[in-house]
Each structure stands twice: as structure tokens, then as C-alpha cells.
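Raw final_10.cif, mmCIF, C-alpha atoms and all ligand atoms:
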data_work
#
loop_
_atom_site.label_atom_id
_atom_site.label_comp_id
_atom_site.auth_asym_id
_atom_site.auth_seq_id
_atom_site.Cartn_x
_atom_site.Cartn_y
_atom_site.Cartn_z
CA MET Q 7 -27.40 47.32 5.75
CA LYS Q 8 -28.09 49.84 8.53
CA MET Q 9 -31.81 50.60 8.90
CA THR Q 10 -32.84 54.02 10.25
CA MET Q 11 -36.14 54.40 12.07
CA PRO Q 12 -38.59 56.88 10.54
CA THR Q 13 -38.87 60.31 12.19
CA ASP Q 14 -42.36 61.62 13.01
CA LEU Q 15 -43.41 64.44 10.72
CA LEU Q 16 -44.57 67.00 13.28
CA ASP Q 17 -45.74 70.57 12.74
CA SER Q 18 -45.25 73.37 15.25
CA PHE Q 19 -48.59 72.51 16.90
CA GLY Q 20 -47.50 68.94 17.61
CA ARG Q 21 -49.71 67.37 14.95
CA LYS Q 22 -48.23 64.17 13.56
CA HIS Q 23 -48.62 63.69 9.81
CA ASP Q 24 -48.82 60.15 8.47
CA TYR Q 25 -51.22 60.50 5.56
CA LEU Q 26 -50.02 61.55 2.09
CA ARG Q 27 -52.45 62.67 -0.59
CA LEU Q 28 -50.70 62.39 -3.89
CA SER Q 29 -52.12 64.12 -6.94
CA ILE Q 30 -50.84 62.56 -10.15
CA THR Q 31 -52.52 64.78 -12.76
CA ASP Q 32 -54.54 67.95 -13.16
CA SER Q 33 -56.28 66.62 -16.28
CA CYS Q 34 -59.82 65.34 -16.06
CA ASN Q 35 -62.49 63.75 -18.22
CA PHE Q 36 -65.17 65.71 -16.27
CA ARG Q 37 -65.68 69.46 -15.91
CA CYS Q 38 -67.33 69.73 -12.47
CA LEU Q 39 -68.57 73.26 -11.86
CA TYR Q 40 -67.32 73.44 -8.27
CA CYS Q 41 -63.84 72.12 -9.05
CA MET Q 42 -62.73 73.60 -12.37
CA PRO Q 43 -62.02 77.34 -12.59
CA ASP Q 44 -64.48 79.45 -14.60
CA GLU Q 45 -61.85 80.63 -17.07
CA PRO Q 46 -60.58 78.34 -19.91
CA PHE Q 47 -58.55 75.60 -18.29
CA LYS Q 48 -55.19 74.28 -19.46
CA SER Q 49 -53.75 71.23 -17.81
CA THR Q 50 -50.04 71.19 -16.98
CA PRO Q 51 -47.70 69.89 -19.74
CA SER Q 52 -46.51 66.40 -18.91
CA ILE Q 53 -42.82 67.42 -18.70
CA GLU Q 54 -43.74 69.57 -15.68
CA LEU Q 55 -45.60 66.72 -13.97
CA MET Q 56 -43.92 64.15 -11.77
CA SER Q 57 -43.08 61.07 -13.84
CA SER Q 58 -44.13 57.69 -12.45
CA GLN Q 59 -40.56 57.14 -11.21
CA GLU Q 60 -40.46 60.57 -9.54
CA ILE Q 61 -43.81 59.91 -7.87
CA PHE Q 62 -42.44 56.65 -6.53
CA GLU Q 63 -39.11 58.08 -5.33
CA ILE Q 64 -40.72 61.06 -3.59
CA ALA Q 65 -43.41 58.88 -1.97
CA LYS Q 66 -40.66 56.50 -0.83
CA VAL Q 67 -38.96 59.31 1.10
CA PHE Q 68 -42.22 60.05 2.92
CA VAL Q 69 -42.67 56.39 3.81
CA ASN Q 70 -39.11 55.43 4.72
CA LYS Q 71 -37.98 58.65 6.40
CA PHE Q 72 -41.24 59.88 7.91
CA GLY Q 73 -43.32 56.76 8.51
CA ILE Q 74 -46.22 57.69 6.24
CA SER Q 75 -48.66 54.79 6.54
CA LYS Q 76 -51.46 55.83 4.24
CA ILE Q 77 -51.34 57.09 0.65
CA ARG Q 78 -54.28 58.34 -1.38
CA ILE Q 79 -53.92 58.84 -5.12
CA THR Q 80 -55.99 61.68 -6.46
CA GLY Q 81 -56.04 64.38 -9.15
CA GLY Q 82 -57.59 65.77 -11.42
CA GLU Q 83 -58.87 62.40 -12.42
CA PRO Q 84 -56.08 59.94 -11.55
CA LEU Q 85 -57.37 57.18 -13.81
CA VAL Q 86 -56.83 59.25 -16.98
CA ARG Q 87 -53.05 59.02 -16.66
CA ASN Q 88 -51.59 56.63 -19.27
CA ASP Q 89 -49.07 55.20 -16.82
CA PHE Q 90 -51.60 54.82 -13.99
CA GLU Q 91 -50.99 51.07 -13.78
CA THR Q 92 -47.21 51.58 -13.38
CA ILE Q 93 -47.80 54.18 -10.66
CA ILE Q 94 -50.09 51.86 -8.68
CA ARG Q 95 -47.77 48.89 -9.05
CA GLN Q 96 -44.82 50.93 -7.78
CA ILE Q 97 -46.68 52.58 -4.88
CA SER Q 98 -48.04 49.20 -3.79
CA THR Q 99 -44.47 48.04 -3.06
CA LEU Q 100 -44.14 50.69 -0.31
CA GLY Q 101 -46.33 48.78 2.12
CA THR Q 102 -48.77 51.57 3.01
CA SER Q 103 -52.54 51.38 2.73
CA ILE Q 104 -53.58 52.79 -0.64
CA GLY Q 105 -56.75 54.61 -1.56
CA ILE Q 106 -57.94 56.17 -4.81
CA THR Q 107 -60.26 59.16 -5.20
CA THR Q 108 -61.98 59.03 -8.58
CA ASN Q 109 -65.01 60.16 -10.51
CA GLY Q 110 -65.55 56.48 -11.27
CA VAL Q 111 -65.90 56.63 -15.05
CA LEU Q 112 -62.88 54.44 -15.84
CA LEU Q 113 -62.97 52.19 -12.78
CA HIS Q 114 -63.99 49.06 -14.70
CA LYS Q 115 -60.54 49.07 -16.38
CA TYR Q 116 -58.75 48.81 -13.05
CA PHE Q 117 -60.72 46.57 -10.67
CA ASP Q 118 -58.44 43.57 -11.30
CA LEU Q 119 -55.28 45.67 -10.90
CA PHE Q 120 -56.55 47.09 -7.60
CA GLN Q 121 -57.30 43.63 -6.27
CA GLU Q 122 -53.91 42.36 -7.38
CA CYS Q 123 -52.08 45.31 -5.75
CA GLY Q 124 -54.08 45.38 -2.50
CA VAL Q 125 -55.83 48.69 -3.17
CA LYS Q 126 -58.91 48.49 -0.98
CA ASN Q 127 -60.22 52.01 -0.51
CA LEU Q 128 -62.18 53.63 -3.31
CA ASN Q 129 -63.67 57.10 -2.83
CA ILE Q 130 -66.02 57.80 -5.71
CA SER Q 131 -67.59 61.19 -6.35
CA ILE Q 132 -71.26 61.40 -7.29
CA ASP Q 133 -73.21 64.59 -6.64
CA SER Q 134 -76.57 63.61 -8.06
CA LEU Q 135 -78.58 60.45 -8.67
CA ASP Q 136 -80.48 62.22 -11.40
CA ARG Q 137 -78.96 61.81 -14.86
CA GLU Q 138 -79.75 65.37 -16.01
CA LYS Q 139 -78.43 67.00 -12.85
CA PHE Q 140 -75.34 64.80 -13.00
CA ARG Q 141 -74.75 65.96 -16.59
CA TYR Q 142 -75.24 69.58 -15.57
CA ILE Q 143 -72.64 69.47 -12.78
CA THR Q 144 -70.02 67.33 -14.57
CA LYS Q 145 -70.79 68.49 -18.14
CA ARG Q 146 -70.73 64.80 -19.12
CA ASP Q 147 -73.64 62.43 -19.72
CA LEU Q 148 -72.00 59.54 -17.89
CA PHE Q 149 -74.19 58.91 -14.86
CA GLN Q 150 -74.98 55.32 -15.85
CA THR Q 151 -71.32 54.34 -16.28
CA VAL Q 152 -70.41 55.78 -12.89
CA TRP Q 153 -73.38 54.10 -11.22
CA GLU Q 154 -72.57 50.68 -12.75
CA ASN Q 155 -68.97 51.03 -11.56
CA ILE Q 156 -70.10 51.96 -8.06
CA LYS Q 157 -72.26 48.83 -7.90
CA GLU Q 158 -69.40 46.67 -9.21
CA SER Q 159 -66.99 48.18 -6.62
CA ILE Q 160 -69.41 47.23 -3.86
CA LYS Q 161 -69.93 43.75 -5.32
CA ARG Q 162 -66.18 43.15 -5.42
CA GLY Q 163 -65.84 44.05 -1.74
CA PHE Q 164 -63.88 47.32 -1.94
CA ASN Q 165 -64.29 49.81 0.93
CA VAL Q 166 -66.46 52.26 -0.97
CA LYS Q 167 -67.03 55.85 0.11
CA LEU Q 168 -69.26 58.04 -2.02
CA ASN Q 169 -68.41 61.75 -1.97
CA VAL Q 170 -71.30 64.16 -2.44
CA VAL Q 171 -70.62 67.92 -2.52
CA VAL Q 172 -73.85 69.49 -1.25
CA MET Q 173 -74.78 72.83 -2.81
CA ARG Q 174 -77.85 74.84 -1.92
CA GLY Q 175 -80.45 74.87 -4.66
CA PHE Q 176 -78.76 72.03 -6.51
CA ASN Q 177 -78.83 68.71 -4.68
CA GLU Q 178 -79.92 69.13 -1.04
CA ASP Q 179 -83.30 67.67 -2.03
CA GLU Q 180 -81.50 64.40 -2.88
CA ILE Q 181 -80.01 63.92 0.59
CA PRO Q 182 -82.75 61.43 1.66
CA GLU Q 183 -82.23 59.36 -1.49
CA PHE Q 184 -78.47 59.28 -0.86
CA ILE Q 185 -79.01 58.33 2.81
CA ALA Q 186 -81.21 55.43 1.69
CA LEU Q 187 -78.20 54.12 -0.29
CA SER Q 188 -76.17 54.04 2.93
CA HIS Q 189 -78.92 51.95 4.50
CA HIS Q 190 -79.08 49.41 1.67
CA TYR Q 191 -75.41 49.12 0.67
CA PRO Q 192 -72.24 48.54 2.76
CA ILE Q 193 -70.78 51.95 1.93
CA GLU Q 194 -69.94 55.22 3.63
CA LEU Q 195 -71.81 58.11 2.12
CA ARG Q 196 -70.09 61.45 2.73
CA PHE Q 197 -71.78 64.79 2.40
CA ILE Q 198 -69.19 67.53 1.90
CA GLU Q 199 -69.74 71.24 2.47
CA PHE Q 200 -69.02 73.26 -0.69
CA MET Q 201 -65.53 74.82 -0.36
CA PRO Q 202 -64.01 77.96 -1.95
CA PHE Q 203 -61.15 77.60 -4.43
CA ASN Q 204 -59.79 79.82 -7.17
CA GLY Q 205 -62.38 80.54 -9.81
CA ASN Q 206 -65.17 78.21 -8.58
CA SER Q 207 -67.84 80.90 -7.96
CA TRP Q 208 -68.13 79.95 -4.32
CA GLU Q 209 -70.64 81.92 -2.25
CA LYS Q 210 -71.39 81.29 1.39
CA GLU Q 211 -75.11 81.20 0.57
CA LYS Q 212 -74.48 78.05 -1.48
CA VAL Q 213 -72.96 76.21 1.51
CA ILE Q 214 -75.28 73.98 3.50
CA PRO Q 215 -73.69 73.70 6.95
CA ILE Q 216 -73.72 70.19 8.37
CA ALA Q 217 -76.09 71.25 11.18
CA GLU Q 218 -78.67 72.11 8.52
CA MET Q 219 -77.96 68.85 6.67
CA LEU Q 220 -78.56 66.94 9.89
CA SER Q 221 -81.84 68.67 10.61
CA LEU Q 222 -82.94 67.98 7.02
CA ILE Q 223 -82.02 64.32 7.48
CA SER Q 224 -83.99 64.17 10.76
CA GLN Q 225 -87.16 65.06 8.88
CA HIS Q 226 -86.85 61.78 6.93
CA PHE Q 227 -84.86 59.33 9.05
CA THR Q 228 -84.06 58.53 12.63
CA HIS Q 229 -80.29 58.22 12.91
CA GLU Q 230 -77.72 57.32 15.51
CA LYS Q 231 -74.20 58.66 16.02
CA ILE Q 232 -71.37 56.18 15.68
CA GLU Q 233 -67.79 56.49 16.80
CA ASP Q 234 -65.33 58.51 14.69
CA HIS Q 235 -61.64 57.75 14.43
CA LYS Q 236 -59.08 60.26 15.71
CA ASN Q 237 -58.13 61.76 12.32
CA ASP Q 238 -61.50 61.39 10.62
CA THR Q 239 -62.76 64.36 8.67
CA SER Q 240 -66.32 63.07 8.70
CA ARG Q 241 -68.72 62.78 11.64
CA LYS Q 242 -70.39 59.46 11.17
CA TYR Q 243 -73.98 58.26 11.69
CA ARG Q 244 -76.15 55.41 10.56
CA VAL Q 245 -79.88 55.20 10.02
CA ASN Q 246 -80.27 52.25 12.41
CA GLU Q 247 -78.70 48.96 13.45
CA GLU Q 248 -79.96 47.20 10.35
CA SER Q 249 -78.15 49.62 8.05
CA LYS Q 250 -75.49 48.00 5.92
CA GLY Q 251 -73.58 51.26 5.65
CA VAL Q 252 -73.10 54.62 7.34
CA PHE Q 253 -73.21 58.26 6.39
CA GLY Q 254 -70.79 61.01 7.32
CA LEU Q 255 -70.84 64.80 7.28
CA ILE Q 256 -67.72 66.76 6.39
CA SER Q 257 -67.82 70.22 7.88
CA THR Q 258 -64.74 71.91 6.45
CA MET Q 259 -66.46 75.28 6.30
CA SER Q 260 -68.78 75.45 9.31
CA ASN Q 261 -66.68 73.59 11.85
CA SER Q 262 -63.14 72.75 10.78
CA PHE Q 263 -61.33 69.59 11.80
CA CYS Q 264 -57.87 71.21 11.56
CA ALA Q 265 -56.96 70.25 15.14
CA GLY Q 266 -56.69 66.58 14.16
CA CYS Q 267 -55.17 67.12 10.71
CA ASN Q 268 -52.63 64.46 9.69
CA ARG Q 269 -52.57 65.22 5.94
CA ILE Q 270 -49.85 66.33 3.57
CA ARG Q 271 -50.53 66.98 -0.07
CA ILE Q 272 -48.34 66.83 -3.15
CA THR Q 273 -49.61 68.42 -6.34
CA SER Q 274 -49.08 66.69 -9.67
CA ASP Q 275 -46.27 69.16 -10.48
CA GLY Q 276 -44.48 68.07 -7.33
CA LYS Q 277 -45.21 70.90 -4.88
CA MET Q 278 -45.85 69.94 -1.28
CA LYS Q 279 -48.81 71.73 0.29
CA ASN Q 280 -49.16 71.48 4.04
CA CYS Q 281 -52.85 72.42 3.90
CA LEU Q 282 -55.67 72.27 1.35
CA PHE Q 283 -56.29 75.99 1.82
CA GLY Q 284 -52.66 77.06 2.28
CA ALA Q 285 -50.87 79.39 -0.14
CA ASP Q 286 -47.42 78.02 0.74
CA GLU Q 287 -45.90 75.50 -1.63
CA PHE Q 288 -42.59 73.65 -1.34
CA ASP Q 289 -41.07 72.53 -4.63
CA LEU Q 290 -40.06 68.93 -3.98
CA LEU Q 291 -39.86 68.04 -7.66
CA LYS Q 292 -37.41 70.84 -8.47
CA ALA Q 293 -35.23 69.83 -5.53
CA PHE Q 294 -35.45 66.18 -6.55
CA ARG Q 295 -34.51 66.96 -10.17
CA ASN Q 296 -31.55 69.01 -8.86
CA LYS Q 297 -30.51 65.92 -6.90
CA GLU Q 298 -30.92 67.77 -3.59
CA GLU Q 299 -32.08 66.11 -0.36
CA ILE Q 300 -35.81 66.66 -0.06
CA THR Q 301 -36.16 65.66 3.59
CA LYS Q 302 -35.18 69.11 4.91
CA LEU Q 303 -37.62 70.81 2.56
CA ILE Q 304 -40.40 68.47 3.71
CA GLN Q 305 -39.64 69.30 7.36
CA LEU Q 306 -39.56 73.02 6.59
CA GLY Q 307 -42.94 72.71 4.87
CA MET Q 308 -44.32 71.01 7.97
CA ILE Q 309 -43.04 73.61 10.41
CA LYS Q 310 -44.65 76.36 8.34
CA LYS Q 311 -48.10 74.78 8.57
CA HIS Q 312 -50.71 77.17 9.97
CA LYS Q 313 -52.97 76.22 12.83
CA GLU Q 314 -56.15 76.42 10.79
CA LYS Q 315 -57.24 76.59 7.14
CA GLY Q 316 -53.87 77.63 5.78
CA GLY Q 317 -54.04 80.86 7.77
CA GLN Q 318 -56.39 82.21 5.08
CA PHE Q 319 -59.64 82.35 7.02
CA SER Q 320 -61.23 81.16 10.20
CA GLU Q 321 -64.99 81.59 10.19
CA MET Q 322 -66.98 81.04 7.00
CA GLU Q 323 -68.22 84.64 7.27
CA SER Q 324 -64.69 85.94 6.72
CA VAL Q 325 -64.07 84.10 3.43
CA ARG Q 326 -63.37 86.38 0.48
CA ASN Q 327 -62.88 83.87 -2.29
CA GLN Q 328 -61.51 86.41 -4.76
CA SER Q 329 -58.76 87.48 -2.40
CA MET Q 330 -57.70 83.98 -1.31
CA THR Q 331 -54.33 82.86 -2.61
CA ASN Q 332 -54.59 79.26 -3.71
CA ARG Q 333 -54.97 77.04 -6.73
CA SER Q 334 -58.22 75.72 -8.15
CA MET Q 335 -59.24 72.39 -6.61
CA ILE Q 336 -58.39 70.46 -9.77
CA LYS Q 337 -54.81 71.77 -9.57
CA ILE Q 338 -54.45 70.93 -5.87
CA GLY Q 339 -55.92 67.45 -5.78
CA GLY Q 340 -58.78 66.91 -3.35
N1 LIG L 401 -61.48 63.37 -9.91
C1 LIG L 401 -61.57 62.75 -8.66
C2 LIG L 401 -62.96 62.91 -8.07
O1 LIG L 401 -63.75 63.68 -8.60
O2 LIG L 401 -63.25 62.25 -7.08
C3 LIG L 401 -60.52 63.20 -7.66
C4 LIG L 401 -60.20 64.65 -7.57
S1 LIG L 401 -61.49 65.68 -6.90
C5 LIG L 401 -60.69 67.23 -6.91
C6 LIG L 401 -61.48 65.14 -5.21
C7 LIG L 401 -62.71 65.46 -4.41
O3 LIG L 401 -62.78 66.88 -4.22
C8 LIG L 401 -64.03 65.04 -5.05
O4 LIG L 401 -64.77 64.26 -4.15
C9 LIG L 401 -64.73 66.34 -5.31
O5 LIG L 401 -66.11 66.20 -5.19
C10 LIG L 401 -64.15 67.23 -4.22
N2 LIG L 401 -64.27 68.65 -4.52
C11 LIG L 401 -63.85 69.31 -5.62
N3 LIG L 401 -64.12 70.62 -5.53
C12 LIG L 401 -64.75 70.80 -4.34
C13 LIG L 401 -65.31 71.95 -3.67
N4 LIG L 401 -65.27 73.14 -4.22
N5 LIG L 401 -65.87 71.77 -2.46
C14 LIG L 401 -65.92 70.53 -1.89
N6 LIG L 401 -65.41 69.43 -2.47
C15 LIG L 401 -64.84 69.55 -3.68
FE1 LIG L 402 -62.63 66.17 -12.37
FE2 LIG L 402 -62.95 65.28 -9.89
FE3 LIG L 402 -62.72 67.90 -10.36
FE4 LIG L 402 -64.90 66.65 -11.15
S1 LIG L 402 -64.21 66.88 -9.02
S2 LIG L 402 -63.68 68.11 -12.40
S3 LIG L 402 -64.14 64.68 -11.68
S4 LIG L 402 -61.17 66.40 -10.68
#
Structure re-expressed in C-alpha cells:
Amino acid sequence: MKMTMPTDLLDSFGRKHDYLRLSITDSCNFRCLYCMPDEPFKSTPSIELMSSQEIFEIAKVFVNKFGISKIRITGGEPLVRNDFETIIRQISTLGTSIGITTNGVLLHKYFDLFQECGVKNLNISIDSLDREKFRYITKRDLFQTVWENIKESIKRGFNVKLNVVVMRGFNEDEIPEFIALSHHYPIELRFIEFMPFNGNSWEKEKVIPIAEMLSLISQHFTHEKIEDHKNDTSRKYRVNEESKGVFGLISTMSNSFCAGCNRIRITSDGKMKNCLFGADEFDLLKAFRNKEEITKLIQLGMIKKHKEKGGQFSEMESVRNQSMTNRSMIKIGG
């Protein structure tokens, strides 16, 4: 059989894309304030979502034709999908590295599967270490379950990253406690600037820029910069040489990392998004169901990628959340 070499997936700024973020659902067992829209939320009917086979076939095109080497499964909450095991088993045959982004509540059901399928990278979201605050942000009283699953993930040797969305007046006082975790456990703790999406009541006053986070951290800990990888979104530090883990700051709002972007997203209803903030969507699922070639559509989607933040804003000062054209975060897949 004749093998064709993959073609690089380049945009018009010469950025090579080799990282696919695949959302498999927009349903969730949490109701995080910063992610769900304010209005009543209806998840997409399953007939409009990619089936497990469609997920696999579309991902296979990205891997075989465009040399995608890294896939992250996200949502919504990916672990709520009934056929999650089938999806992971199929994706694991593609030979890429696989990561999962999850709220952690159902992780205990899947540790063995992940180990069997070579899934090593678990990004787990936790915005507060205080049970009441955790309940307030997620609208679920499930802090203890998430915390136990985080500890078990570490014990089993997964590469664990903890995602913390920092919001002024809510959890910036917990930054030192989170940093202490990165000293005691072999994890990467990631503080994320609060981002604007449809209906999430974003205000620039609620964003804590990473420079402010760093100065807050300096009041409690000495810290040293460590090397970042080329496509990293986080700028990494550690408390000191004895630290088992590291912490990172993700500055999407105050200082974007668009220049090194290598990410492509597919929503759970099969639309390719070339940028988290972009309004443009390319309907891969429709094309696939019509038995059309999706490679051309993927390349078109790449060429249309804007230089920065989906062409919607540049500086944080210019963000007008109400007038941005985008989905809510839960419908994009973070
Ligand atoms: N349910 C999974 C979870 O919570 O990790 C995966 C989906 S969630 C949309 C992916 C990531 O996006 C989470 O780490 C979440 O904290 C982050 N996120 C959601 N809304 C955000 C916002 N407005 N600003 C910054 N990060 C956000
Ligand atoms: Fe669900 Fe994750 Fe969004 Fe929270 S951040 S509502 S857990 S998808």
C-alpha cells in the first residue's frame, strides 16, 4: 500500500499546527459560573454531536494527513459521555499523545482504562481548596471527590496539571495555598486569567493579570523561572530546587501567546475552530456526513486563522464581551 507523508498544517503566518483539542460533549455535571452562560442552558441533542466513530474518523484525518501528534479530549465534561471508553480506546490507536481535561469528579472510573490505553496527561480543574467556595463556583458540593481523585492521579503517576481560573475577589487569596501544593506534589499548577465568553459576565476588573499574580506570589514565596517549551501557554516557575512540582501562569488576556499557537479545536458538534476566540467555524461533521473530503475544508480553516485572538480584540481594554461573536466556553471546549 502506498503511504503518503503528512502535510504540515500551516496558517498564513507560518504557524505549524500539530495539536488537536477535541471536544466530545457540551454536557456537564458542574455549572461553573465562568464557563456556563447566564441564561438557561440546553446541551446539544446527541444526534447533532459527533458519534464515537465520527470522532475517530475525523481525528484520523488530522493525524494521517496533517501529522497531528497531540490530542486533548475535552468538553463540557468529557467523562460524562456514555461511550467515553470507546472514544478513548479508538483514539489511542492513532499513536498520538493523549491528554484529558476534566473536572475530576468521575476520574476514579477511568484510571485503569487510561493506564491501559497510554493516556498520561490529566488536566484537572479546581478553582478553590475551600469546600464552600468550590460549591459556590461549580454549584456542586463535590470538592472532596475531586480532591481524592487528584491525589489518586498523582499516586498513580499521571502527569497532573491543576487548572485554576483566578478571579478577583473570589480566589486570589488562595494562590499561596495552591503554590504550596506545587511544592509538595509532583504536579504543574496553572493559574489562568479569567477569559470572556458568551454570557459569562466577564469584566476586566475581575481579571488578575499574571504580573499581579506574580507580585502576590513574591510576598509569600521566593521563586525561580524555569524553561518553557516553544508552544507552551504557561510561563513556568518553581518555588525552589526542592520543589516536587512547578507552577505556571497563563496570560491569555494580559499578554497573549498567539505567536506560538499550534492549536486547532473541534467542537462536539463537529465544527473546526482555528482559535478559541474566533467567530469562524468550519463544519467538518456536515462535510463528513455528506461523504465529502474534509482535508480541503481543514486547510481553508487554517488559512483563515487570524494573527491574534480570533481577530476579535487585541488589548484587554478593548474587549466588549457583549459584542464578541463566539460560543460560551462550555460549547467550545477549553
Ligand atoms: N470540564 C472540563 C474541566 O472543567 O476541566 C473540561 C472543559 S473546561 C471548558 C476546560 C477548561 O476551561 C477548564 O480548566 C476551565 O477552568 C477553563 N475555563 C472555562 N471557562 C473559562 C474562562 N471563562 N476563563 C478561563 N478559563 C476557563
Ligand atoms: Fe463543566 Fe468544566 Fe465548564 Fe466547569 S469548566 S462547567 S466543569 S465544562
Which residues, written as a list in words, have at least one atom at most 9 Å from Glu183 in chain Q, with all atoms listed in the file counted and residues fewer than 4 positions away on the same chain left out?
->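 Once the nearby chain positions are removed, what remains is Leu135, Asp179 and Leu187 of chain Q.
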Dump C-alpha atoms for the selected residues as a PDB file, keeping the file's coordinate frame?
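Final output, saved to again.pdb:
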ATOM      1  CA  LEU Q 135     -78.580  60.450  -8.670  1.00  0.00           C
ATOM      2  CA  ASP Q 179     -83.300  67.670  -2.030  1.00  0.00           C
ATOM      3  CA  LEU Q 187     -78.200  54.120  -0.290  1.00  0.00           C
TER       4      LEU Q 187
END
Excluding Lys250 in chain Q and any residue of its chain fewer than 2 positions from it, enumerate the residues within 6 Å of it, using all atoms listed in the file, and give them as a list in words.
->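 The residues that qualify are His189, His190, Tyr191 and Pro192 of chain Q.
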With C-alpha atoms retained, export the selected residues as an mmCIF file, keeping the file's coordinate frame.
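Once written, result.cif looks like this:
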data_model
loop_
_atom_site.group_PDB
_atom_site.id
_atom_site.type_symbol
_atom_site.label_atom_id
_atom_site.label_comp_id
_atom_site.auth_asym_id
_atom_site.auth_seq_id
_atom_site.Cartn_x
_atom_site.Cartn_y
_atom_site.Cartn_z
ATOM 1 C CA HIS Q 189 -78.920 51.950 4.500
ATOM 2 C CA HIS Q 190 -79.080 49.410 1.670
ATOM 3 C CA TYR Q 191 -75.410 49.120 0.670
ATOM 4 C CA PRO Q 192 -72.240 48.540 2.760
#
Protein and nucleic residues near ligand LIG 401 (chain L), 6 Å, all atoms listed in the file, as an NGL selection string | :Q and (40-41 or 80-83 or 107-109 or 130-131 or 169 or 171 or 198-202 or 335-336 or 339-340)
When distances are computed from only C-alpha atoms and all ligand atoms, which of Q:Met173, Q:Ile93, Q:Met278, Q:Ile338 shows the smallest separation from ligand LIG 402 (chain L)?
-> Q:Ile338
For Thr144 in chain Q, which of Q:Thr258, Q:Gln121, Q:Ser274, Q:Asn35 is the closest residue, counting only C-alpha atoms?
-> Q:Asn35
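For the residues Q:Ile272, Q:Leu255, Q:Ile106, Q:Met308, ranking by smallest atom-to-atom distance to ligand LIG 402 (chain L) using all atoms listed in the file places Q:Ile106 first.
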Given only C-alpha atoms and all ligand atoms as the counted atoms, nearest of Q:Ile160, Q:Met42, Q:Leu291, Q:Leu303 to ligand LIG 402 (chain L) | Q:Met42
Can you take the partial range 106-122 of chain Q, add N, CA, C and O atoms, and return it as a short mmCIF file (atom, residue, chain, number, x, y, z; two decimals), in the coordinates of the input?
data_model
loop_
_atom_site.label_atom_id
_atom_site.label_comp_id
_atom_site.auth_asym_id
_atom_site.auth_seq_id
_atom_site.Cartn_x
_atom_site.Cartn_y
_atom_site.Cartn_z
N ILE Q 106 -57.84 55.39 -3.56
CA ILE Q 106 -57.94 56.17 -4.81
C ILE Q 106 -59.18 57.05 -4.70
O ILE Q 106 -60.23 56.58 -4.24
N THR Q 107 -59.06 58.31 -5.09
CA THR Q 107 -60.26 59.16 -5.20
C THR Q 107 -60.50 59.37 -6.69
O THR Q 107 -59.61 59.81 -7.41
N THR Q 108 -61.71 59.04 -7.14
CA THR Q 108 -61.98 59.03 -8.58
C THR Q 108 -63.41 59.44 -8.88
O THR Q 108 -64.28 59.30 -8.02
N ASN Q 109 -63.62 59.91 -10.10
CA ASN Q 109 -65.01 60.16 -10.51
C ASN Q 109 -65.68 58.87 -10.99
O ASN Q 109 -66.86 58.89 -11.33
N GLY Q 110 -64.96 57.79 -11.06
CA GLY Q 110 -65.55 56.48 -11.27
C GLY Q 110 -65.75 56.04 -12.71
O GLY Q 110 -66.03 54.87 -12.98
N VAL Q 111 -65.56 56.96 -13.66
CA VAL Q 111 -65.90 56.63 -15.05
C VAL Q 111 -65.04 55.50 -15.63
O VAL Q 111 -65.53 54.68 -16.40
N LEU Q 112 -63.78 55.45 -15.24
CA LEU Q 112 -62.88 54.44 -15.84
C LEU Q 112 -62.59 53.27 -14.90
O LEU Q 112 -61.72 52.44 -15.20
N LEU Q 113 -63.31 53.21 -13.80
CA LEU Q 113 -62.97 52.19 -12.78
C LEU Q 113 -62.95 50.76 -13.32
O LEU Q 113 -62.10 49.96 -12.92
N HIS Q 114 -63.89 50.44 -14.22
CA HIS Q 114 -63.99 49.06 -14.70
C HIS Q 114 -62.67 48.56 -15.30
O HIS Q 114 -62.40 47.37 -15.30
N LYS Q 115 -61.83 49.50 -15.79
CA LYS Q 115 -60.54 49.07 -16.38
C LYS Q 115 -59.55 48.61 -15.32
O LYS Q 115 -58.55 47.97 -15.62
N TYR Q 116 -59.80 49.00 -14.06
CA TYR Q 116 -58.75 48.81 -13.05
C TYR Q 116 -59.12 47.93 -11.85
O TYR Q 116 -58.31 47.77 -10.95
N PHE Q 117 -60.34 47.39 -11.84
CA PHE Q 117 -60.72 46.57 -10.67
C PHE Q 117 -59.71 45.44 -10.41
O PHE Q 117 -59.30 45.22 -9.28
N ASP Q 118 -59.34 44.73 -11.49
CA ASP Q 118 -58.44 43.57 -11.30
C ASP Q 118 -57.08 44.03 -10.78
O ASP Q 118 -56.51 43.43 -9.87
N LEU Q 119 -56.58 45.14 -11.34
CA LEU Q 119 -55.28 45.67 -10.90
C LEU Q 119 -55.35 46.02 -9.41
O LEU Q 119 -54.44 45.69 -8.63
N PHE Q 120 -56.43 46.69 -9.01
CA PHE Q 120 -56.55 47.09 -7.60
C PHE Q 120 -56.54 45.86 -6.70
O PHE Q 120 -55.88 45.85 -5.66
N GLN Q 121 -57.26 44.83 -7.12
CA GLN Q 121 -57.30 43.63 -6.27
C GLN Q 121 -55.93 42.97 -6.21
O GLN Q 121 -55.48 42.56 -5.15
N GLU Q 122 -55.25 42.96 -7.34
CA GLU Q 122 -53.91 42.36 -7.38
C GLU Q 122 -52.93 43.14 -6.49
O GLU Q 122 -52.08 42.56 -5.83
#
